[in-house]
Amino acid sequence: MHLRFAKMHGLGNDFVVIDAVRQYVELTSERVRFLADRHFGVGCDQLLVVEPATQPGVDFRYRIFNADGGEVEQCGNGARCFVRFVHEQGLTAKREIRVETKSGVIAPRLEDSGLVTVDMGVPVLEPARVPFVSDSDAVVQPLDVAGTPVAITAVSMGNPHAVQVVANVDAAPVATQGPLIEHHGRFPARVNAGFMQVVDEHRIRLRVYERGAGETLACGTGACAAVVAGIRRELLVSPVRVETRGGELAIAWAGLGEPVLMTGPAVTVFAGELELA
């Protein structure tokens, strides 16, 4: 299969983006893993696929595959790259589009500044819908991580997140605790593990260990989930600047029942072509 693609990133969270509107694309988990491999393939945290819409009232379908080959529901940094890609590729002239994802419709908008704002939808807070196994709907939940007690807040931004507050994000046990939380039995769909340091009520520092990808330089849905968790824990006030290892995002949330708005950059690195077996 001959494949044209673009390499893009949002704050260092990098993607291979494929136009499946104007070319034939047949993906398998093996092909996704090959494309994501940084030694033998192109290299990326996630692979993004642009497809024709399958429902009225939306412009495109957006599919997301992690580096391990598994398809997932949502990716915030990818959503910003998505709208820049379809605009740069001439697939649409609209600066704001409606995009169907596995978890619902999102609305990314290309700003005059070059930044991209995405309406990420209303966060899901009920444990059963995250999904998170709990007999309580408390904002702060205890979680036993290999014998270590951890206090987390479970939030879904279309994908599940477990957010904890740490004193110093640089010293946080992301590499060791992240995979244990990702595969914790109380998260039946696995989970993204967020480690949040509160700098002040309008600024946090964040690291995220992502499902199927490991720690990334930035996680858009993770930033949204962290801000929602911080506001619910009365530690933060909207809007909030989220400092990741790859750069900054601006997150705004007006409270229960309201959507989360995320603003940040999206960059095209290069375009290429390859043959897939």
# chains A, B, ... in the order shown; residues from 1 in each chain; ligands from 1
call {"tool": "residues_around", "arguments": {"residues": "region 8-17 of chain A", "least_positions_apart": "2", "cutoff": "8 Å", "atoms": "only C-alpha atoms", "output": "ChimeraX atom specification"}}
result
/A:5-6,19,35-36,42-50,77-78,80-82,85,216-219,244-248,264-270
call {"tool": "select_by_dssp", "arguments": {"residues": "region 9-240 of chain A", "states": "helix (DSSP H, G or I)", "output": "JSON, numbers by chain"}}
result
{"A": [29, 30, 31, 32, 33, 34, 35, 36, 76, 77, 78, 79, 80, 81, 82, 83, 84, 85, 86, 87, 88, 127, 128, 129, 169, 170, 171, 174, 175, 176, 177, 178, 179, 180, 181, 182, 220, 221, 222, 223, 224, 225, 226, 227, 228, 229, 230, 231, 232]}
call {"tool": "select_by_dssp", "arguments": {"residues": "region 43-239 of chain A", "states": "strand (DSSP E)", "output": "JSON, numbers by chain"}}
result
{"A": [46, 47, 48, 49, 50, 51, 52, 60, 61, 62, 63, 64, 65, 66, 71, 72, 99, 100, 101, 104, 105, 106, 107, 108, 109, 110, 116, 117, 118, 119, 141, 142, 143, 144, 145, 148, 149, 150, 151, 152, 153, 154, 155, 156, 160, 161, 162, 163, 164, 165, 192, 193, 194, 195, 196, 197, 198, 199, 200, 203, 204, 205, 206, 207, 208, 209, 210, 214, 215, 216]}
call {"tool": "residues_around", "arguments": {"residues": "Phe187 (chain A)", "least_positions_apart": "2", "cutoff": "7 Å", "atoms": "only C-alpha atoms", "output": "JSON list (two decimals) with N, CA and C atoms, in the first residue's frame"}}
result
[["chain", "number", "residue", "atom", "x", "y", "z"],
["A", 131, "PRO", "N", -14.42, 4.72, 32.56],
["A", 131, "PRO", "CA", -14.98, 4.00, 33.70],
["A", 131, "PRO", "C", -13.95, 3.77, 34.82],
["A", 132, "PHE", "N", -14.47, 3.85, 36.07],
["A", 132, "PHE", "CA", -13.65, 3.66, 37.27],
["A", 132, "PHE", "C", -14.51, 2.93, 38.28],
["A", 133, "VAL", "N", -14.01, 1.83, 38.82],
["A", 133, "VAL", "CA", -14.77, 1.03, 39.77],
["A", 133, "VAL", "C", -14.70, 1.66, 41.15],
["A", 184, "HIS", "N", -4.30, -0.60, 36.26],
["A", 184, "HIS", "CA", -4.94, -0.89, 37.53],
["A", 184, "HIS", "C", -6.31, -1.53, 37.31],
["A", 185, "GLY", "N", -6.63, -2.52, 38.11],
["A", 185, "GLY", "CA", -7.87, -3.27, 37.96],
["A", 185, "GLY", "C", -9.13, -2.44, 38.12],
["A", 189, "ALA", "N", -10.94, -0.07, 31.39],
["A", 189, "ALA", "CA", -10.53, 0.29, 30.02],
["A", 189, "ALA", "C", -9.11, 0.84, 30.01],
["A", 190, "ARG", "N", -8.36, 0.55, 31.09],
["A", 190, "ARG", "CA", -7.05, 1.18, 31.33],
["A", 190, "ARG", "C", -7.24, 2.69, 31.51],
["A", 191, "VAL", "N", -6.15, 3.42, 31.76],
["A", 191, "VAL", "CA", -6.31, 4.83, 32.09],
["A", 191, "VAL", "C", -5.02, 5.59, 31.82]]
call {"tool": "atom_distance", "arguments": {"atom1": "CA of Gly212 (chain A)", "atom2": "CA of Asn66 (chain A)"}}
result
5.6 Å
call {"tool": "residues_around", "arguments": {"residues": "Ala154 (chain A)", "least_positions_apart": "4", "cutoff": "8 Å", "atoms": "only C-alpha atoms", "output": "list in words"}}
result
Leu125, Pro127, Val130, Phe132, Val139, Gln141, Pro160, His161, Ala162, Val163 and Ala229 of chain A
call {"tool": "atom_distance", "arguments": {"atom1": "CA of Gly272 (chain A)", "atom2": "CA of Val118 (chain A)"}}
result
26.8 Å
call {"tool": "residues_around", "arguments": {"residues": "Met196 (chain A)", "least_positions_apart": "4", "cutoff": "10 Å", "atoms": "only C-alpha atoms", "output": "PyMOL selection string"}}
result
chain A and resi 163-169+172+204-208+222-223+226-227+229-230+242-244
call {"tool": "write_last_selection", "arguments": {"atoms": "all heavy atoms", "output": "compact mmCIF listing (two decimals), in the first residue's frame"}}
result
# COMPACT_ATOMS: atom_id res chain seq x y z
N VAL A 163 -6.01 11.56 37.86
CA VAL A 163 -5.16 12.72 38.15
C VAL A 163 -4.81 12.74 39.63
O VAL A 163 -5.70 12.68 40.49
CB VAL A 163 -5.87 14.04 37.77
CG1 VAL A 163 -4.95 15.23 38.03
CG2 VAL A 163 -6.32 14.01 36.31
N GLN A 164 -3.53 12.85 39.93
CA GLN A 164 -3.09 13.02 41.31
C GLN A 164 -2.27 14.30 41.44
O GLN A 164 -1.66 14.78 40.48
CB GLN A 164 -2.27 11.83 41.78
CG GLN A 164 -0.97 11.59 41.05
CD GLN A 164 -0.16 10.45 41.65
OE1 GLN A 164 0.38 10.58 42.76
NE2 GLN A 164 -0.07 9.34 40.93
N VAL A 165 -2.27 14.86 42.63
CA VAL A 165 -1.50 16.07 42.92
C VAL A 165 -0.17 15.67 43.54
O VAL A 165 -0.13 14.85 44.47
CB VAL A 165 -2.27 17.01 43.88
CG1 VAL A 165 -1.44 18.24 44.22
CG2 VAL A 165 -3.60 17.42 43.25
N VAL A 166 0.91 16.24 43.01
CA VAL A 166 2.25 15.96 43.53
C VAL A 166 2.93 17.27 43.92
O VAL A 166 2.59 18.33 43.40
CB VAL A 166 3.11 15.20 42.50
CG1 VAL A 166 2.50 13.84 42.18
CG2 VAL A 166 3.29 16.01 41.22
N ALA A 167 3.89 17.17 44.83
CA ALA A 167 4.60 18.37 45.29
C ALA A 167 5.54 18.91 44.24
O ALA A 167 5.70 20.13 44.08
CB ALA A 167 5.35 18.06 46.59
N ASN A 168 6.20 18.01 43.51
CA ASN A 168 7.19 18.41 42.51
C ASN A 168 7.07 17.46 41.33
O ASN A 168 7.40 16.28 41.44
CB ASN A 168 8.60 18.37 43.09
CG ASN A 168 9.65 18.82 42.11
OD1 ASN A 168 9.39 18.98 40.91
ND2 ASN A 168 10.86 19.05 42.60
N VAL A 169 6.58 17.95 40.20
CA VAL A 169 6.32 17.08 39.06
C VAL A 169 7.62 16.48 38.50
O VAL A 169 7.60 15.39 37.93
CB VAL A 169 5.54 17.85 37.97
CG1 VAL A 169 6.45 18.81 37.21
CG2 VAL A 169 4.82 16.90 37.04
N ALA A 172 8.21 13.32 40.40
CA ALA A 172 7.06 12.40 40.46
C ALA A 172 7.44 11.04 39.87
O ALA A 172 8.19 10.96 38.90
CB ALA A 172 5.87 12.99 39.71
N ILE A 204 -0.49 25.29 36.46
CA ILE A 204 -0.03 23.99 36.93
C ILE A 204 1.11 23.51 36.04
O ILE A 204 1.30 23.99 34.93
CB ILE A 204 -1.16 22.93 36.94
CG1 ILE A 204 -1.64 22.63 35.50
CG2 ILE A 204 -2.29 23.34 37.84
CD1 ILE A 204 -2.60 21.46 35.40
N ARG A 205 1.84 22.54 36.56
CA ARG A 205 2.81 21.78 35.77
C ARG A 205 2.30 20.34 35.71
O ARG A 205 1.75 19.85 36.69
CB ARG A 205 4.20 21.85 36.40
CG ARG A 205 4.75 23.27 36.52
CD ARG A 205 6.11 23.27 37.22
NE ARG A 205 7.11 22.60 36.38
CZ ARG A 205 8.16 21.93 36.87
NH1 ARG A 205 8.34 21.81 38.19
NH2 ARG A 205 9.02 21.37 36.05
N LEU A 206 2.48 19.69 34.57
CA LEU A 206 1.82 18.40 34.37
C LEU A 206 2.70 17.44 33.58
O LEU A 206 3.34 17.81 32.60
CB LEU A 206 0.50 18.61 33.60
CG LEU A 206 -0.33 17.37 33.30
CD1 LEU A 206 -0.94 16.81 34.58
CD2 LEU A 206 -1.42 17.69 32.28
N ARG A 207 2.69 16.18 34.03
CA ARG A 207 3.24 15.07 33.26
C ARG A 207 2.16 13.99 33.17
O ARG A 207 1.43 13.78 34.14
CB ARG A 207 4.51 14.51 33.90
CG ARG A 207 5.69 15.49 33.87
CD ARG A 207 6.84 15.01 34.71
NE ARG A 207 7.44 13.76 34.21
CZ ARG A 207 8.40 13.10 34.86
NH1 ARG A 207 8.86 13.55 36.03
NH2 ARG A 207 8.90 11.99 34.33
N VAL A 208 2.10 13.30 32.03
CA VAL A 208 1.07 12.28 31.83
C VAL A 208 1.70 11.03 31.24
O VAL A 208 2.44 11.10 30.25
CB VAL A 208 -0.06 12.78 30.90
CG1 VAL A 208 -1.11 11.68 30.70
CG2 VAL A 208 -0.71 14.04 31.47
N GLY A 222 -5.20 15.10 28.83
CA GLY A 222 -4.66 15.05 30.19
C GLY A 222 -4.65 16.42 30.83
O GLY A 222 -4.92 16.57 32.03
N ALA A 223 -4.32 17.46 30.04
CA ALA A 223 -4.34 18.83 30.55
C ALA A 223 -5.75 19.24 30.92
O ALA A 223 -5.99 19.86 31.98
CB ALA A 223 -3.76 19.78 29.51
N ALA A 226 -6.76 17.36 34.10
CA ALA A 226 -6.06 17.89 35.29
C ALA A 226 -6.70 19.19 35.76
O ALA A 226 -6.89 19.39 36.97
CB ALA A 226 -4.59 18.10 34.96
N VAL A 227 -7.05 20.07 34.83
CA VAL A 227 -7.69 21.34 35.21
C VAL A 227 -9.06 21.08 35.82
O VAL A 227 -9.43 21.68 36.84
CB VAL A 227 -7.76 22.29 34.00
CG1 VAL A 227 -8.63 23.50 34.33
CG2 VAL A 227 -6.36 22.74 33.61
N ALA A 229 -10.01 18.38 37.36
CA ALA A 229 -9.77 17.80 38.68
C ALA A 229 -9.35 18.87 39.68
O ALA A 229 -9.82 18.90 40.83
CB ALA A 229 -8.70 16.71 38.60
N GLY A 230 -8.47 19.77 39.26
CA GLY A 230 -7.99 20.83 40.16
C GLY A 230 -9.08 21.80 40.56
O GLY A 230 -9.14 22.25 41.71
N VAL A 242 -1.33 25.42 31.58
CA VAL A 242 -0.80 24.09 31.87
C VAL A 242 0.58 23.98 31.23
O VAL A 242 0.71 24.02 30.00
CB VAL A 242 -1.72 22.99 31.33
CG1 VAL A 242 -1.14 21.61 31.64
CG2 VAL A 242 -3.12 23.13 31.93
N GLU A 243 1.60 23.85 32.07
CA GLU A 243 2.97 23.72 31.58
C GLU A 243 3.31 22.24 31.46
O GLU A 243 3.30 21.50 32.45
CB GLU A 243 3.95 24.39 32.54
CG GLU A 243 3.74 25.89 32.71
CD GLU A 243 4.69 26.49 33.72
OE1 GLU A 243 5.61 25.78 34.19
OE2 GLU A 243 4.51 27.68 34.05
N THR A 244 3.60 21.80 30.24
CA THR A 244 4.04 20.43 30.01
C THR A 244 5.51 20.47 29.61
O THR A 244 6.08 21.54 29.40
CB THR A 244 3.22 19.77 28.89
OG1 THR A 244 3.63 20.34 27.62
CG2 THR A 244 1.73 20.00 29.09
call {"tool": "closest_residue", "arguments": {"among": "A:Ala151, A:Glu215, A:Gln197, A:Glu51", "to": "Gly178 (chain A)", "atoms": "only C-alpha atoms"}}
result
A:Glu215
call {"tool": "residues_around", "arguments": {"residues": "Gly214 (chain A)", "least_positions_apart": "4", "cutoff": "10 Å", "atoms": "only C-alpha atoms", "output": "list of chain:residue names"}}
result
A:Asp45, A:Asn66, A:Ala67, A:Asp68, A:Val174, A:Ala175, A:Gly178, A:Pro179, A:Glu182, A:Asn192, A:Ala193, A:Val208, A:Tyr209, A:Glu210
call {"tool": "residues_around", "arguments": {"residues": "Val105 (chain A)", "least_positions_apart": "6", "cutoff": "10 Å", "atoms": "only C-alpha atoms", "output": "list of chain:residue names"}}
result
A:Gly57, A:Val58, A:Phe60, A:Arg61, A:Tyr62, A:Arg98, A:Val99, A:Asp119, A:Met120, A:Gly121, A:Gly158
call {"tool": "closest_residue", "arguments": {"among": "A:Ala277, A:Val228, A:Val124, A:Val21", "to": "Thr92 (chain A)", "atoms": "only C-alpha atoms"}}
result
A:Val21
call {"tool": "atom_distance", "arguments": {"atom1": "CA of Thr176 (chain A)", "atom2": "CA of Ser136 (chain A)"}}
result
27.2 Å
call {"tool": "closest_residue", "arguments": {"among": "A:Ile18, A:Leu261, A:Ala93, A:Ala107", "to": "Leu3 (chain A)", "atoms": "only C-alpha atoms"}}
result
A:Ile18
